[in-house]
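Below: structure.txt (compact mmCIF, N, CA and C atoms)
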```txt
# COMPACT_ATOMS: atom_id res chain seq x y z
N MET M 17 10.51 70.48 11.17
CA MET M 17 10.71 69.07 11.19
C MET M 17 11.95 68.70 10.40
N ARG M 18 12.57 67.76 10.93
CA ARG M 18 13.79 67.30 10.31
C ARG M 18 13.52 66.07 9.44
N SER M 19 14.05 65.96 8.24
CA SER M 19 13.83 64.80 7.37
C SER M 19 14.72 63.65 7.83
N ARG M 20 14.19 62.43 7.61
CA ARG M 20 14.93 61.23 8.04
C ARG M 20 16.12 61.00 7.12
N ASP M 21 17.15 60.58 7.71
CA ASP M 21 18.35 60.24 6.96
C ASP M 21 18.15 58.87 6.32
N SER M 22 18.59 58.68 5.12
CA SER M 22 18.39 57.41 4.41
C SER M 22 19.12 56.27 5.11
N LYS M 23 20.15 56.55 5.89
CA LYS M 23 20.87 55.52 6.64
C LYS M 23 20.00 54.91 7.73
N ASP M 24 19.14 55.69 8.34
CA ASP M 24 18.30 55.20 9.44
C ASP M 24 17.22 54.24 8.93
N ALA M 25 16.76 54.35 7.72
CA ALA M 25 15.66 53.55 7.20
C ALA M 25 16.12 52.28 6.51
N ALA M 26 17.38 52.03 6.33
CA ALA M 26 17.87 50.87 5.58
C ALA M 26 18.25 49.72 6.51
N PHE M 27 18.34 48.49 5.91
CA PHE M 27 18.82 47.31 6.64
C PHE M 27 20.33 47.26 6.53
N SER M 28 20.95 46.78 7.58
CA SER M 28 22.41 46.64 7.51
C SER M 28 22.75 45.33 6.81
N LEU M 29 23.98 45.20 6.39
CA LEU M 29 24.43 43.99 5.71
C LEU M 29 24.35 42.78 6.64
N VAL M 30 24.61 42.96 7.89
CA VAL M 30 24.54 41.88 8.88
C VAL M 30 23.09 41.37 8.99
N GLU M 31 22.13 42.26 9.04
CA GLU M 31 20.72 41.86 9.13
C GLU M 31 20.28 41.09 7.88
N ILE M 32 20.71 41.52 6.73
CA ILE M 32 20.35 40.83 5.49
C ILE M 32 20.97 39.43 5.45
N VAL M 33 22.22 39.29 5.84
CA VAL M 33 22.90 37.99 5.85
C VAL M 33 22.22 37.06 6.84
N LEU M 34 21.87 37.54 8.02
CA LEU M 34 21.17 36.71 9.01
C LEU M 34 19.80 36.27 8.51
N ALA M 35 19.05 37.14 7.88
CA ALA M 35 17.73 36.78 7.34
C ALA M 35 17.86 35.74 6.24
N MET M 36 18.86 35.91 5.37
CA MET M 36 19.07 34.91 4.31
C MET M 36 19.50 33.57 4.89
N GLY M 37 20.30 33.57 5.95
CA GLY M 37 20.72 32.33 6.60
C GLY M 37 19.55 31.59 7.21
N VAL M 38 18.66 32.29 7.88
CA VAL M 38 17.47 31.67 8.47
C VAL M 38 16.57 31.11 7.37
N ALA M 39 16.36 31.88 6.32
CA ALA M 39 15.53 31.41 5.20
C ALA M 39 16.14 30.18 4.54
N ALA M 40 17.46 30.18 4.34
CA ALA M 40 18.12 29.03 3.71
C ALA M 40 18.01 27.79 4.60
N PHE M 41 18.18 27.95 5.91
CA PHE M 41 18.05 26.83 6.84
C PHE M 41 16.65 26.22 6.76
N CYS M 42 15.63 27.06 6.75
CA CYS M 42 14.24 26.57 6.66
C CYS M 42 13.98 25.86 5.33
N LEU M 43 14.45 26.41 4.24
CA LEU M 43 14.24 25.79 2.93
C LEU M 43 14.95 24.45 2.82
N ILE M 44 16.17 24.36 3.37
CA ILE M 44 16.90 23.09 3.34
C ILE M 44 16.16 22.03 4.15
N ALA M 45 15.61 22.41 5.30
CA ALA M 45 14.85 21.46 6.12
C ALA M 45 13.59 20.98 5.39
N ILE M 46 12.89 21.87 4.72
CA ILE M 46 11.68 21.50 3.99
C ILE M 46 12.02 20.61 2.80
N VAL M 47 13.05 20.96 2.06
CA VAL M 47 13.46 20.15 0.91
C VAL M 47 13.94 18.78 1.37
N GLY M 48 14.59 18.69 2.52
CA GLY M 48 15.04 17.42 3.06
C GLY M 48 13.89 16.51 3.47
N LEU M 49 12.77 17.06 3.86
CA LEU M 49 11.60 16.26 4.27
C LEU M 49 10.74 15.82 3.09
N MET M 50 10.93 16.39 1.93
CA MET M 50 10.11 16.04 0.77
C MET M 50 10.19 14.56 0.41
N PRO M 51 11.38 13.93 0.31
CA PRO M 51 11.42 12.50 -0.03
C PRO M 51 10.70 11.62 0.99
N VAL M 52 10.77 11.99 2.26
CA VAL M 52 10.08 11.23 3.30
C VAL M 52 8.57 11.31 3.08
N GLY M 53 8.07 12.48 2.79
CA GLY M 53 6.64 12.65 2.54
C GLY M 53 6.18 11.89 1.30
N VAL M 54 6.99 11.91 0.26
CA VAL M 54 6.64 11.18 -0.97
C VAL M 54 6.61 9.68 -0.70
N GLN M 55 7.57 9.16 0.06
CA GLN M 55 7.60 7.73 0.38
C GLN M 55 6.41 7.32 1.25
N ILE M 56 6.05 8.12 2.21
CA ILE M 56 4.88 7.83 3.05
C ILE M 56 3.62 7.83 2.21
N ASN M 57 3.49 8.77 1.29
CA ASN M 57 2.33 8.81 0.40
C ASN M 57 2.28 7.57 -0.49
N ARG M 58 3.41 7.15 -1.03
CA ARG M 58 3.48 5.96 -1.88
C ARG M 58 3.08 4.71 -1.08
N ASN M 59 3.57 4.58 0.15
CA ASN M 59 3.22 3.44 0.99
C ASN M 59 1.73 3.41 1.32
N ALA M 60 1.17 4.56 1.62
CA ALA M 60 -0.26 4.63 1.94
C ALA M 60 -1.11 4.26 0.72
N THR M 61 -0.70 4.71 -0.44
CA THR M 61 -1.43 4.37 -1.67
C THR M 61 -1.35 2.88 -1.95
N SER M 62 -0.19 2.29 -1.78
CA SER M 62 -0.04 0.84 -2.00
C SER M 62 -0.84 0.04 -1.00
N GLN M 63 -0.85 0.47 0.25
CA GLN M 63 -1.61 -0.25 1.26
C GLN M 63 -3.11 -0.16 0.99
N THR M 64 -3.59 0.97 0.54
CA THR M 64 -5.00 1.11 0.20
C THR M 64 -5.37 0.23 -0.98
N ALA M 65 -4.53 0.20 -2.01
CA ALA M 65 -4.80 -0.65 -3.17
C ALA M 65 -4.79 -2.12 -2.78
N ALA M 66 -3.84 -2.53 -1.93
CA ALA M 66 -3.77 -3.92 -1.50
C ALA M 66 -5.00 -4.30 -0.68
N THR M 67 -5.48 -3.41 0.14
CA THR M 67 -6.69 -3.67 0.93
C THR M 67 -7.90 -3.80 0.02
N ASN M 68 -7.98 -2.99 -1.02
CA ASN M 68 -9.09 -3.10 -1.97
C ASN M 68 -9.05 -4.42 -2.74
N LEU M 69 -7.86 -4.87 -3.12
CA LEU M 69 -7.73 -6.15 -3.81
C LEU M 69 -8.17 -7.30 -2.90
N LYS M 70 -7.73 -7.24 -1.68
CA LYS M 70 -8.08 -8.27 -0.71
C LYS M 70 -9.59 -8.30 -0.48
N ALA M 71 -10.21 -7.15 -0.38
CA ALA M 71 -11.66 -7.08 -0.19
C ALA M 71 -12.40 -7.64 -1.40
N ALA M 72 -11.88 -7.40 -2.61
CA ALA M 72 -12.52 -7.93 -3.82
C ALA M 72 -12.45 -9.45 -3.85
N VAL M 73 -11.32 -10.02 -3.43
CA VAL M 73 -11.19 -11.48 -3.41
C VAL M 73 -12.10 -12.09 -2.36
N VAL M 74 -12.17 -11.49 -1.18
CA VAL M 74 -13.07 -11.99 -0.13
C VAL M 74 -14.52 -11.90 -0.60
N ALA M 75 -14.90 -10.82 -1.25
CA ALA M 75 -16.26 -10.69 -1.76
C ALA M 75 -16.55 -11.75 -2.82
N ASP M 76 -15.58 -12.04 -3.68
CA ASP M 76 -15.74 -13.08 -4.69
C ASP M 76 -15.96 -14.44 -4.03
N LEU M 77 -15.18 -14.74 -3.01
CA LEU M 77 -15.32 -16.02 -2.32
C LEU M 77 -16.64 -16.11 -1.56
N ARG M 78 -17.08 -15.03 -0.98
CA ARG M 78 -18.33 -15.04 -0.21
C ARG M 78 -19.56 -15.14 -1.11
N THR M 79 -19.47 -14.67 -2.33
CA THR M 79 -20.62 -14.73 -3.23
C THR M 79 -20.65 -16.02 -4.05
N THR M 80 -19.66 -16.89 -3.85
CA THR M 80 -19.64 -18.16 -4.56
C THR M 80 -20.75 -19.05 -4.01
N PRO M 81 -21.61 -19.58 -4.87
CA PRO M 81 -22.69 -20.45 -4.37
C PRO M 81 -22.13 -21.66 -3.63
N ALA M 82 -22.89 -22.16 -2.67
CA ALA M 82 -22.44 -23.30 -1.86
C ALA M 82 -22.19 -24.55 -2.71
N ALA M 83 -22.91 -24.71 -3.79
CA ALA M 83 -22.75 -25.88 -4.64
C ALA M 83 -21.47 -25.81 -5.48
N ALA M 84 -20.94 -24.62 -5.68
CA ALA M 84 -19.74 -24.45 -6.51
C ALA M 84 -18.48 -24.61 -5.66
N THR M 85 -17.43 -25.10 -6.25
CA THR M 85 -16.15 -25.23 -5.54
C THR M 85 -15.13 -24.19 -5.97
N THR M 86 -15.43 -23.46 -7.04
CA THR M 86 -14.51 -22.46 -7.57
C THR M 86 -15.22 -21.12 -7.65
N SER M 87 -14.53 -20.06 -7.23
CA SER M 87 -15.13 -18.73 -7.27
C SER M 87 -15.24 -18.25 -8.72
N PRO M 88 -16.29 -17.48 -9.03
CA PRO M 88 -16.52 -17.10 -10.43
C PRO M 88 -15.54 -16.07 -10.99
N GLN M 89 -15.13 -15.10 -10.19
CA GLN M 89 -14.32 -14.01 -10.74
C GLN M 89 -12.83 -14.35 -10.80
N PHE M 90 -12.28 -14.89 -9.72
CA PHE M 90 -10.84 -15.13 -9.66
C PHE M 90 -10.46 -16.60 -9.78
N SER M 91 -11.43 -17.48 -9.98
CA SER M 91 -11.21 -18.93 -10.15
C SER M 91 -10.40 -19.53 -9.01
N ILE M 92 -10.78 -19.19 -7.80
CA ILE M 92 -10.12 -19.72 -6.61
C ILE M 92 -10.90 -20.94 -6.15
N THR M 93 -10.22 -22.07 -6.02
CA THR M 93 -10.85 -23.30 -5.57
C THR M 93 -10.75 -23.36 -4.05
N PHE M 94 -11.89 -23.61 -3.41
CA PHE M 94 -11.92 -23.71 -1.96
C PHE M 94 -11.03 -24.86 -1.50
N ASP M 95 -10.34 -24.67 -0.40
CA ASP M 95 -9.44 -25.63 0.23
C ASP M 95 -8.18 -25.91 -0.58
N THR M 96 -7.90 -25.09 -1.58
CA THR M 96 -6.67 -25.23 -2.36
C THR M 96 -5.94 -23.89 -2.37
N GLY M 97 -4.71 -23.89 -1.89
CA GLY M 97 -3.94 -22.66 -1.86
C GLY M 97 -3.69 -22.13 -3.26
N LYS M 98 -3.58 -20.81 -3.35
CA LYS M 98 -3.38 -20.20 -4.67
C LYS M 98 -2.63 -18.88 -4.52
N THR M 99 -1.87 -18.54 -5.54
CA THR M 99 -1.18 -17.26 -5.63
C THR M 99 -1.67 -16.54 -6.87
N LEU M 100 -2.10 -15.29 -6.68
CA LEU M 100 -2.53 -14.45 -7.79
C LEU M 100 -1.65 -13.20 -7.83
N TYR M 101 -1.48 -12.67 -9.03
CA TYR M 101 -0.71 -11.45 -9.23
C TYR M 101 -1.63 -10.39 -9.82
N PHE M 102 -1.52 -9.17 -9.30
CA PHE M 102 -2.38 -8.08 -9.76
C PHE M 102 -1.53 -6.94 -10.30
N ASP M 103 -2.03 -6.33 -11.37
CA ASP M 103 -1.35 -5.15 -11.90
C ASP M 103 -1.93 -3.90 -11.26
N ALA M 104 -1.51 -2.73 -11.70
CA ALA M 104 -1.95 -1.47 -11.09
C ALA M 104 -3.43 -1.22 -11.27
N SER M 105 -4.03 -1.77 -12.32
CA SER M 105 -5.46 -1.54 -12.54
C SER M 105 -6.33 -2.59 -11.87
N GLY M 106 -5.73 -3.57 -11.18
CA GLY M 106 -6.49 -4.58 -10.45
C GLY M 106 -6.81 -5.83 -11.24
N GLN M 107 -6.18 -6.00 -12.40
CA GLN M 107 -6.40 -7.19 -13.21
C GLN M 107 -5.57 -8.34 -12.64
N ALA M 108 -6.23 -9.49 -12.42
CA ALA M 108 -5.56 -10.64 -11.82
C ALA M 108 -4.95 -11.53 -12.89
N SER M 109 -3.88 -12.22 -12.49
CA SER M 109 -3.22 -13.19 -13.35
C SER M 109 -2.64 -14.28 -12.47
N ALA M 110 -2.60 -15.49 -12.98
CA ALA M 110 -1.99 -16.59 -12.24
C ALA M 110 -0.48 -16.60 -12.40
N LEU M 111 0.04 -15.82 -13.34
CA LEU M 111 1.48 -15.79 -13.60
C LEU M 111 2.06 -14.40 -13.30
N LEU M 112 3.28 -14.39 -12.80
CA LEU M 112 3.98 -13.13 -12.56
C LEU M 112 4.37 -12.53 -13.90
N GLY M 113 3.93 -11.31 -14.14
CA GLY M 113 4.23 -10.62 -15.39
C GLY M 113 5.01 -9.34 -15.14
N PRO M 114 5.42 -8.69 -16.20
CA PRO M 114 6.19 -7.45 -16.05
C PRO M 114 5.36 -6.31 -15.43
N ASP M 115 4.04 -6.37 -15.58
CA ASP M 115 3.18 -5.33 -15.01
C ASP M 115 2.64 -5.69 -13.63
N SER M 116 2.98 -6.85 -13.11
CA SER M 116 2.47 -7.28 -11.81
C SER M 116 3.01 -6.39 -10.70
N ARG M 117 2.10 -5.93 -9.86
CA ARG M 117 2.47 -5.03 -8.77
C ARG M 117 2.24 -5.65 -7.40
N TYR M 118 1.21 -6.50 -7.28
CA TYR M 118 0.85 -7.10 -5.99
C TYR M 118 0.79 -8.62 -6.11
N ARG M 119 1.14 -9.31 -5.04
CA ARG M 119 1.07 -10.77 -4.96
C ARG M 119 0.08 -11.10 -3.85
N LEU M 120 -0.92 -11.95 -4.17
CA LEU M 120 -1.91 -12.38 -3.18
C LEU M 120 -1.76 -13.89 -2.98
N ASN M 121 -1.46 -14.28 -1.74
CA ASN M 121 -1.37 -15.69 -1.39
C ASN M 121 -2.57 -16.07 -0.54
N ILE M 122 -3.23 -17.16 -0.92
CA ILE M 122 -4.37 -17.67 -0.17
C ILE M 122 -3.99 -19.04 0.38
N THR M 123 -4.11 -19.19 1.70
CA THR M 123 -3.91 -20.48 2.33
C THR M 123 -5.17 -20.81 3.12
N TRP M 124 -5.54 -22.06 3.12
CA TRP M 124 -6.77 -22.51 3.76
C TRP M 124 -6.42 -23.29 5.02
N ASN M 125 -7.23 -23.11 6.06
CA ASN M 125 -7.07 -23.83 7.31
C ASN M 125 -8.20 -24.84 7.45
N SER M 126 -7.92 -25.93 8.15
CA SER M 126 -8.96 -26.94 8.35
C SER M 126 -10.04 -26.37 9.26
N ALA M 127 -11.26 -26.81 9.01
CA ALA M 127 -12.39 -26.29 9.76
C ALA M 127 -13.46 -27.37 9.84
N PRO M 128 -14.44 -27.19 10.74
CA PRO M 128 -15.56 -28.13 10.78
C PRO M 128 -16.33 -28.12 9.48
N THR M 129 -17.15 -29.13 9.29
CA THR M 129 -17.93 -29.26 8.06
C THR M 129 -18.75 -28.00 7.79
N GLY M 130 -18.70 -27.53 6.57
CA GLY M 130 -19.48 -26.36 6.16
C GLY M 130 -18.76 -25.04 6.33
N LEU M 131 -17.71 -25.01 7.13
CA LEU M 131 -16.96 -23.76 7.33
C LEU M 131 -15.61 -23.85 6.64
N ARG M 132 -15.16 -22.72 6.13
CA ARG M 132 -13.85 -22.64 5.51
C ARG M 132 -13.16 -21.39 6.06
N TYR M 133 -11.89 -21.55 6.42
CA TYR M 133 -11.10 -20.44 6.92
C TYR M 133 -9.92 -20.21 5.99
N ALA M 134 -9.71 -18.98 5.63
CA ALA M 134 -8.60 -18.66 4.72
C ALA M 134 -7.79 -17.49 5.26
N VAL M 135 -6.51 -17.54 4.99
CA VAL M 135 -5.62 -16.41 5.29
C VAL M 135 -5.23 -15.82 3.95
N LEU M 136 -5.55 -14.54 3.75
CA LEU M 136 -5.21 -13.85 2.52
C LEU M 136 -4.11 -12.84 2.85
N LYS M 137 -3.00 -12.94 2.14
CA LYS M 137 -1.86 -12.05 2.36
C LYS M 137 -1.50 -11.39 1.05
N VAL M 138 -1.56 -10.06 1.02
CA VAL M 138 -1.17 -9.29 -0.16
C VAL M 138 0.17 -8.62 0.15
N THR M 139 1.15 -8.84 -0.73
CA THR M 139 2.47 -8.23 -0.56
C THR M 139 2.83 -7.47 -1.83
N TRP M 140 3.72 -6.54 -1.69
CA TRP M 140 4.23 -5.79 -2.83
C TRP M 140 5.68 -5.44 -2.59
N PRO M 141 6.48 -5.37 -3.62
CA PRO M 141 6.21 -5.64 -5.02
C PRO M 141 5.98 -7.13 -5.27
N ALA M 142 5.32 -7.42 -6.36
CA ALA M 142 4.92 -8.80 -6.67
C ALA M 142 6.11 -9.71 -6.92
N SER M 143 7.20 -9.15 -7.38
CA SER M 143 8.35 -9.98 -7.71
C SER M 143 9.07 -10.54 -6.49
N VAL M 144 8.79 -9.99 -5.30
CA VAL M 144 9.44 -10.45 -4.08
C VAL M 144 8.59 -11.54 -3.45
N ASP M 145 9.16 -12.74 -3.33
CA ASP M 145 8.47 -13.86 -2.69
C ASP M 145 8.60 -13.69 -1.18
N PRO M 146 7.48 -13.54 -0.44
CA PRO M 146 7.57 -13.31 1.00
C PRO M 146 8.16 -14.50 1.77
N ALA M 147 8.19 -15.68 1.17
CA ALA M 147 8.80 -16.84 1.82
C ALA M 147 10.32 -16.76 1.78
N ILE M 148 10.86 -15.97 0.86
CA ILE M 148 12.32 -15.88 0.68
C ILE M 148 12.87 -14.56 1.20
N ALA M 149 12.20 -13.46 0.88
CA ALA M 149 12.69 -12.13 1.24
C ALA M 149 11.57 -11.30 1.85
N THR M 150 11.94 -10.21 2.47
CA THR M 150 10.95 -9.31 3.08
C THR M 150 10.44 -8.34 2.02
N PRO M 151 9.11 -8.32 1.78
CA PRO M 151 8.57 -7.38 0.80
C PRO M 151 8.52 -5.96 1.36
N SER M 152 8.26 -5.00 0.50
CA SER M 152 8.14 -3.61 0.93
C SER M 152 6.92 -3.38 1.79
N GLY M 153 5.84 -4.09 1.47
CA GLY M 153 4.61 -3.92 2.22
C GLY M 153 3.83 -5.21 2.30
N LEU M 154 2.93 -5.27 3.30
CA LEU M 154 2.16 -6.48 3.53
C LEU M 154 0.83 -6.12 4.17
N VAL M 155 -0.24 -6.73 3.67
CA VAL M 155 -1.57 -6.62 4.27
C VAL M 155 -2.10 -8.04 4.39
N LYS M 156 -2.61 -8.38 5.58
CA LYS M 156 -3.03 -9.76 5.84
C LYS M 156 -4.41 -9.76 6.50
N ILE M 157 -5.23 -10.77 6.14
CA ILE M 157 -6.56 -10.89 6.74
C ILE M 157 -6.89 -12.37 6.92
N PHE M 158 -7.65 -12.65 7.95
CA PHE M 158 -8.17 -13.98 8.21
C PHE M 158 -9.67 -13.90 7.94
N ALA M 159 -10.18 -14.75 7.06
CA ALA M 159 -11.59 -14.69 6.66
C ALA M 159 -12.25 -16.05 6.84
N ALA M 160 -13.51 -16.02 7.23
CA ALA M 160 -14.30 -17.25 7.40
C ALA M 160 -15.41 -17.26 6.37
N PHE M 161 -15.69 -18.45 5.82
CA PHE M 161 -16.71 -18.60 4.77
C PHE M 161 -17.65 -19.72 5.18
N ASP M 162 -18.93 -19.42 5.23
CA ASP M 162 -19.95 -20.42 5.55
C ASP M 162 -20.40 -21.04 4.23
N ARG M 163 -20.11 -22.32 4.05
CA ARG M 163 -20.41 -22.99 2.79
C ARG M 163 -21.67 -23.84 2.88
N ASN M 164 -22.51 -23.62 3.89
CA ASN M 164 -23.78 -24.37 4.01
C ASN M 164 -24.85 -23.79 3.13
```
Step by step, read the file and then write its structure as structure tokens.
Amino acid sequence: MRSRDSKDAAFSLVEIVLAMGVAAFCLIAIVGLMPVGVQINRNATSQTAATNLKAAVVADLRTTPAAATTSPQFSITFDTGKTLYFDASGQASALLGPDSRYRLNITWNSAPTGLRYAVLKVTWPASVDPAIATPSGLVKIFAAFDRN
């Protein structure tokens, strides 16, 4: 039997350069997609938090007794528009602060006696007024409240 020559078992310089080129191309493509993935994750997280805030406000309004005109948790008066600001932990404030992350606008629509209709719009960042500029994100809901 003849022993193998070490030249036959090795990679050529051309093969090594081609393999490194393919690997570099793949790594550059993956690294280029990382910021897009991070931004999509950030948007999804903000949208989920905004939806949770909106649900908490609707729950507060729905649990308000019919005899009361103001909700107990967020002090929202029925048939009166209001803007609330929320920080990252979900704490509400009537004033825009340095920690404010979300802006919730409530507008009321006219309805027959005993019914109340509200449009709740959560936008972020809180410092951007949706009436003046386009916010980064927006979640909107139309809710009905039976006040009988």
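Taking all atoms listed in the file into account, the protein, DNA and RNA residues within 8 Å of (3.9, -7.9, -12.2) read Tyr101, Phe102, Asp103, Ala104, Leu111, Leu112, Gly113, Pro114, Asp115, Ser116, Arg117, Tyr118, Arg119, Pro141, Ala142 and Ser143 of chain M.
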Would you give me, as a ChimeraX atom specification, the residues in range 23-123 of chain M that DSSP reads as alpha helix (DSSP H)? /M:29-78
Can you pull out the residues contacting Val74 in chain M? Cut-off 10 Å, using only C-alpha atoms, and skip same-chain residues under 3 positions away; I want them as a list in words.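 Contacts, with the query itself left out: Asn68, Leu69, Lys70, Ala71, Leu77, Arg78, Thr79, Ala134, Leu136, Ile157, Phe158, Ala159, Ala160 and Phe161 of chain M.
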Calculated over only N, CA and C atoms, which of the candidates M:Leu120, M:Ala72, M:Ala84, M:Val30 has the smallest distance to Trp140 in chain M?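 Closest candidate: M:Leu120.
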With distances taken over all atoms listed in the file, which residue among M:Thr150, M:Thr123, M:Thr129, M:Thr85 lies nearest Asn164 in chain M?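 Of all the options, M:Thr129 lies closest to Asn164 in chain M.
The space separating atom N of Asp76 in chain M from CA of Phe90 in chain M comes to 8.2 Å.
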Coordinates-based distance that separates atom N of Val38 in chain M from atom N of Asn57 in chain M (Å, one decimal):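 Interatomic distance here is 28.8 Å.
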Which of these, M:Ser109, M:Phe94, M:Phe41, M:Leu154, has the shortest distance to Leu131 in chain M once you count only C-alpha atoms?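 That would be M:Phe94, the residue with the smallest distance to Leu131 in chain M.
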Looking only at strand (DSSP E) from DSSP on the backbone, list the matching residues of chain M as a PyMOL selection string. chain M and resi 98-102+108-109+118-125+131-140+153-162
Excluding Ala147 in chain M and its own-chain neighbours fewer than 6 positions away, which residues fall within 12 Å of it when counting only C-alpha atoms? Please give them as a list in words.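 Here the answer would be Arg119, Asn121, Lys137 and Thr139 of chain M.
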Atomic distance atom C of Trp124 in chain M - atom N of Asp95 in chain M, expressed in Å with one decimal: 6.8 Å
Counting only C-alpha atoms, the option among M:Val135, M:Gly106, M:Thr86, M:Ala65 closest to Gly153 in chain M: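 That would be M:Ala65, the residue with the smallest distance to Gly153 in chain M.
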